[in-house]
Structures are given as C-alpha cells and as structure tokens.
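**Q** Got a structure for you, written out below as structure tokens; questions coming shortly.
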Amino acid sequence: MTRSRRPFFCGNWKLHGTIAESLALATEVRNGVATHRDADVAVAPTFTALHAVAKRLEDGPVAVSAQDCFWEDKGAFTGEVSAPQLVEAGCKYVILGHSERRQLFGELDAAVNLKARAALRAGLAPIVCVGETLAERDAGETLGRVQAQLEAALAGISATDLERVIVAYEPVWAIGTGRNATPAQAQEVHRFIRARVATLAADVAPRMRILYGGSVKPDNIGALVGQPNVDGALVGGASLEARSFAVIVKNSI
Ligand code: 13P
C-alpha cells in the first residue's frame with residue numbers, strides 16, 4: 001500500500017442490526033482494531049443506532065459514518081435526515097451514492113452532488129460511491145460510467161472541500177456476490193479516478209483516499225490494497241463479523 005495516504009476502512013452495515021446488536025458489534029470492532037493505529041477505521045450503522053454507537057465509540061479509534069443524508073438542513077421533508085443532524089448524532093463520515101441507493105431508490109447523480117455539498121457544509125467527510133454494472137463493464141463502458149458519476153458528484157466542490165472527500169469504487173457486479181474485482185481491475189479504475197480528480201484539483205488528487213468495495217474478505221484484501229491506488233475498503237457483509245473486519249484491517253497495514 002502507498003503509505004503517503006493513510007489507509008481507511010469503513011464497515012457498511014446496511015440494513016442490519018438492532019440498537020443492541022449494533023452496540024455489541026461496535027464494541028467488538030473497537031476491541032478488534034484497538035491496536036491497529038496505522039489506519040482510519042469507521043463503522044456505518046443504520047440511522048436508529050447512530051447516536052448510541054457514536055456514544056459507545058466516543059474518544060476511541062473507530063469513527064462513525066451514516067449511510068446517507070438529505071441535502072437540505074431542515075424543512076418539510078418527511079422521512080429525511082440532514083447532515084447537521086448526523087453531526088449532532090456523532091458522525092464523522094457519510095456514505096453517499098451507494099449503488100443500492102441508486103438502483104433501488106432511484107438516486108441520481110445530481111442528488112449525490114447536492115448531498116455531498118450538504119455533507120461538506122456540515123463538516124462531514126463524504127464517502128462518494130461510484131461503479132459500473134456488469135452490463136456496462138461488458139460493453140466496455142466502465143471508465144466512462146465511473147467518470148460521469150464522479151464528475152457529477154464532485155461538481156462545484158472547491159479544492160479545499162475536496163480534501164475531505166473520499167471516493168469508493170464499488171463495481172455493482174461485485175457487491176454481495178462473492179465475486180470481487182481483481183486487483184488489476186481495481187487498480188485500473190482507481191488510477192483513472194485519481195487522474196480525473198487531478199483535472200479538478202491537481203494538488204488534492206495525490207492525497208485523496210480511494211477505497212475499493214465489493215466482496216472484500218480477509219483473504220482478498222491484501223492483494224487489493226497492494227495496488228498503488230487502492231487506499232482501503234468499504235466493506236459490506238464481512239464487516240458484520242467483528243473478527244473478519246478486524247482481520248481485513250490487520251491484513252492491510
Ligand atoms: P459486500 O462487501 O457485502 O460485497 O458489500 C460491499 C458494499 O456494498 C459496501 O458498501
């Protein structure tokens with residue numbers, strides 16, 4: 001792994017866990033990664049568990065991320081949660097534009113951009129997800145799709161704010177399928193993402209952390225983060241077991 005960028009690992013718990021279960025898992029994660037001081041680690045519980053988990057993890061090595069936020073701070077927006085509310089609940093990060101939100105809830109690039117800007121305004125670090133479907137990969141459209149998602153999500157964000165943005169490359173065909181991208185496939189897209197970010201902010205691009213996500217497991221993470229442009233991972237299923245998440249962090253640093 002390129003040591004010029006501090007590795008980052010975020011467990012995306014998706015729609016899993018009661019508050020009690022989330023607290024137990026968070027405690028196990030904290031204990032499991034307590035000695036791994038060479039990486040940033042976060043967990044992303046469901047909205048209802050965020051505050052309790054953030055309290056439990058306060059002052060420790062594990063930060064808390066939300067899985068989404070709305071772009072307005074307040075108002076008549078039934079069902080939404082704003083970025084300032086996430087900060088109040090104890091979040092440092094927010095995952096935005098996850099492919100499940102795009103595919104299942106019709107989230108568009110323009111919404112991801114508005115959310116990223118709201119998150120930055122509130123002081124959160126957005127983890128902006130991009131990635132192609134299998135059909136797009138098979139049609140040779142991977143880089144074009146990733147470029148379109150990336151540039152739309154980051155439109156109008158200043159270089160100063162880009163410093164806080166993390167990008168996650170999550171090929172849709174690799175999420176929850178047990179079929180991860182090869183290290184070479186990940187590296188190709190990660191290098192491309194960094195080059196595109198360089199056209200927006202040349203100084204920021206070498207420092208931006210670009211995570212891989214999609215069927216990350218303890219036995220494949222080493223080769224993935226061994227690639228020069230892979231700076232950590234957004235982990236789904238394997239992050240629901242504290243031990244395997246801790247091993248993923250350990251096998252990477
Ligand atoms: P899996 O690790 O379960 O494939 O999920 C990846 C993901 O979507 C993380 O955000």
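Starting from 1 in every chain, residues are counted up; chains themselves are A, B, ... following the order of the structure tokens, and ligands are numbered from 1 as listed.
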Need to verify the contact set: segment 98-111 of chain A, 9 Å, only C-alpha atoms, exclusion of same-chain residues closer than 2 positions in sequence. Can you return it as a PyMOL selection string?

**A** chain A and resi 67-68+70-71+95-96+113-116+128-132+148-150+152-153+168+170-172+175

**Q** Could you check how far atom CA of Val225 of chain A sits from atom CA of Ala246 of chain A, in Å to one decimal?

**A**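 Separation between atom CA of Val225 of chain A and atom CA of Ala246 of chain A: 15.0 Å.
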
**Q** If we count only C-alpha atoms, what is near Leu86 of chain A at a cut-off of 12 Å, once residues fewer than 4 positions away on the same chain are taken out, given as a PyMOL selection string?

**A** chain A and resi 44-51+54+64-71+73+80-82+90-95+118-120+122-126

**Q** Within 8 Å of ligand 1, which residues show up when you count only C-alpha atoms and all ligand atoms? List them as a list in words, please.

**A**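 Answer in the requested format: Gly11, Asn12, Lys14, His98, Ser99, Glu100, Glu170, Ala174, Ile175, Gly176, Thr177, Gly178, Asn180, Gly213, Gly214, Ser215, Val216, Lys217, Leu234, Val235, Gly236, Gly237, Ala238 and Ser239 of chain A.
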
**Q** Which residues are near segment 193-200 of chain A? Cut-off 8 Å, only C-alpha atoms, ignore same chain within fewer than 3 positions. Put them as a list in words.

**A**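 Non-adjacent residues within range: Val146, Gln147, Leu150, Ala159, Val189, His190, Asp203, Val204, Ala205, Pro206, Met208, Ile210 and Asn229 of chain A.
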
**Q** If you count only C-alpha atoms, which residues fall within 10 Å of Arg243 of chain A, apart from same-chain ones fewer than 2 positions away, as a list in words?

**A**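 My reading of the contact set: Leu25, Glu28, Val29, Asn31, Gly32, Val33, Pro218, Ala238, Ser239, Leu240, Glu241, Phe245, Ala246, Val247, Ile248 and Val249 of chain A.
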
**Q** Output C-alpha atoms of each residue in that selection to a file, as a JSON list (two decimals), in the first residue's frame.

**A**
[["chain", "number", "residue", "atom", "x", "y", "z"],
["A", 25, "LEU", "CA", -20.80, -5.21, 17.19],
["A", 28, "GLU", "CA", -16.24, -5.84, 19.30],
["A", 29, "VAL", "CA", -14.93, -3.81, 16.35],
["A", 31, "ASN", "CA", -11.66, -4.02, 20.68],
["A", 32, "GLY", "CA", -10.59, -5.81, 17.49],
["A", 33, "VAL", "CA", -8.88, -2.85, 15.86],
["A", 218, "PRO", "CA", -9.87, -11.21, 4.84],
["A", 238, "ALA", "CA", -17.62, -9.11, 6.10],
["A", 239, "SER", "CA", -17.95, -6.06, 8.36],
["A", 240, "LEU", "CA", -20.89, -7.65, 10.17],
["A", 241, "GLU", "CA", -18.44, -10.03, 11.83],
["A", 245, "PHE", "CA", -13.46, -6.89, 9.73],
["A", 246, "ALA", "CA", -10.52, -6.64, 12.15],
["A", 247, "VAL", "CA", -8.58, -9.18, 10.10],
["A", 248, "ILE", "CA", -9.28, -7.16, 6.93],
["A", 249, "VAL", "CA", -7.78, -4.09, 8.62]]

**Q** Identify all residues of segment 5-251 of chain A in alpha helix (DSSP H) (DSSP on the backbone) and supply them as JSON, numbers by chain.

**A** {"A": [19, 20, 21, 22, 23, 24, 25, 26, 27, 28, 29, 30, 31, 32, 33, 47, 48, 49, 50, 51, 52, 53, 54, 55, 56, 57, 83, 84, 85, 86, 87, 88, 89, 99, 100, 101, 102, 103, 104, 105, 109, 110, 111, 112, 113, 114, 115, 116, 117, 118, 119, 120, 121, 122, 134, 135, 136, 137, 138, 142, 143, 144, 145, 146, 147, 148, 149, 150, 151, 152, 153, 154, 159, 160, 161, 162, 183, 184, 185, 186, 187, 188, 189, 190, 191, 192, 193, 194, 195, 196, 197, 198, 199, 200, 221, 222, 223, 224, 225, 242, 243, 244, 245, 246, 247, 248, 249, 250]}

**Q** Quick one: everything within 6 Å of Ala39 of chain A, counting only C-alpha atoms, minus sequence neighbours fewer than 4 positions away in the same chain. Send it as a list in words.

**A**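 Once the adjacent positions are removed, what remains is Arg6, Pro7 and Phe8 of chain A.
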
**Q** Could you tell me which of A:Glu72, A:Ile19, A:Ala52, A:Pro183 comes closest to Glu88 of chain A if we count only C-alpha atoms?

**A**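 Checking each candidate against Glu88 of chain A, we get A:Ala52 as the closest.
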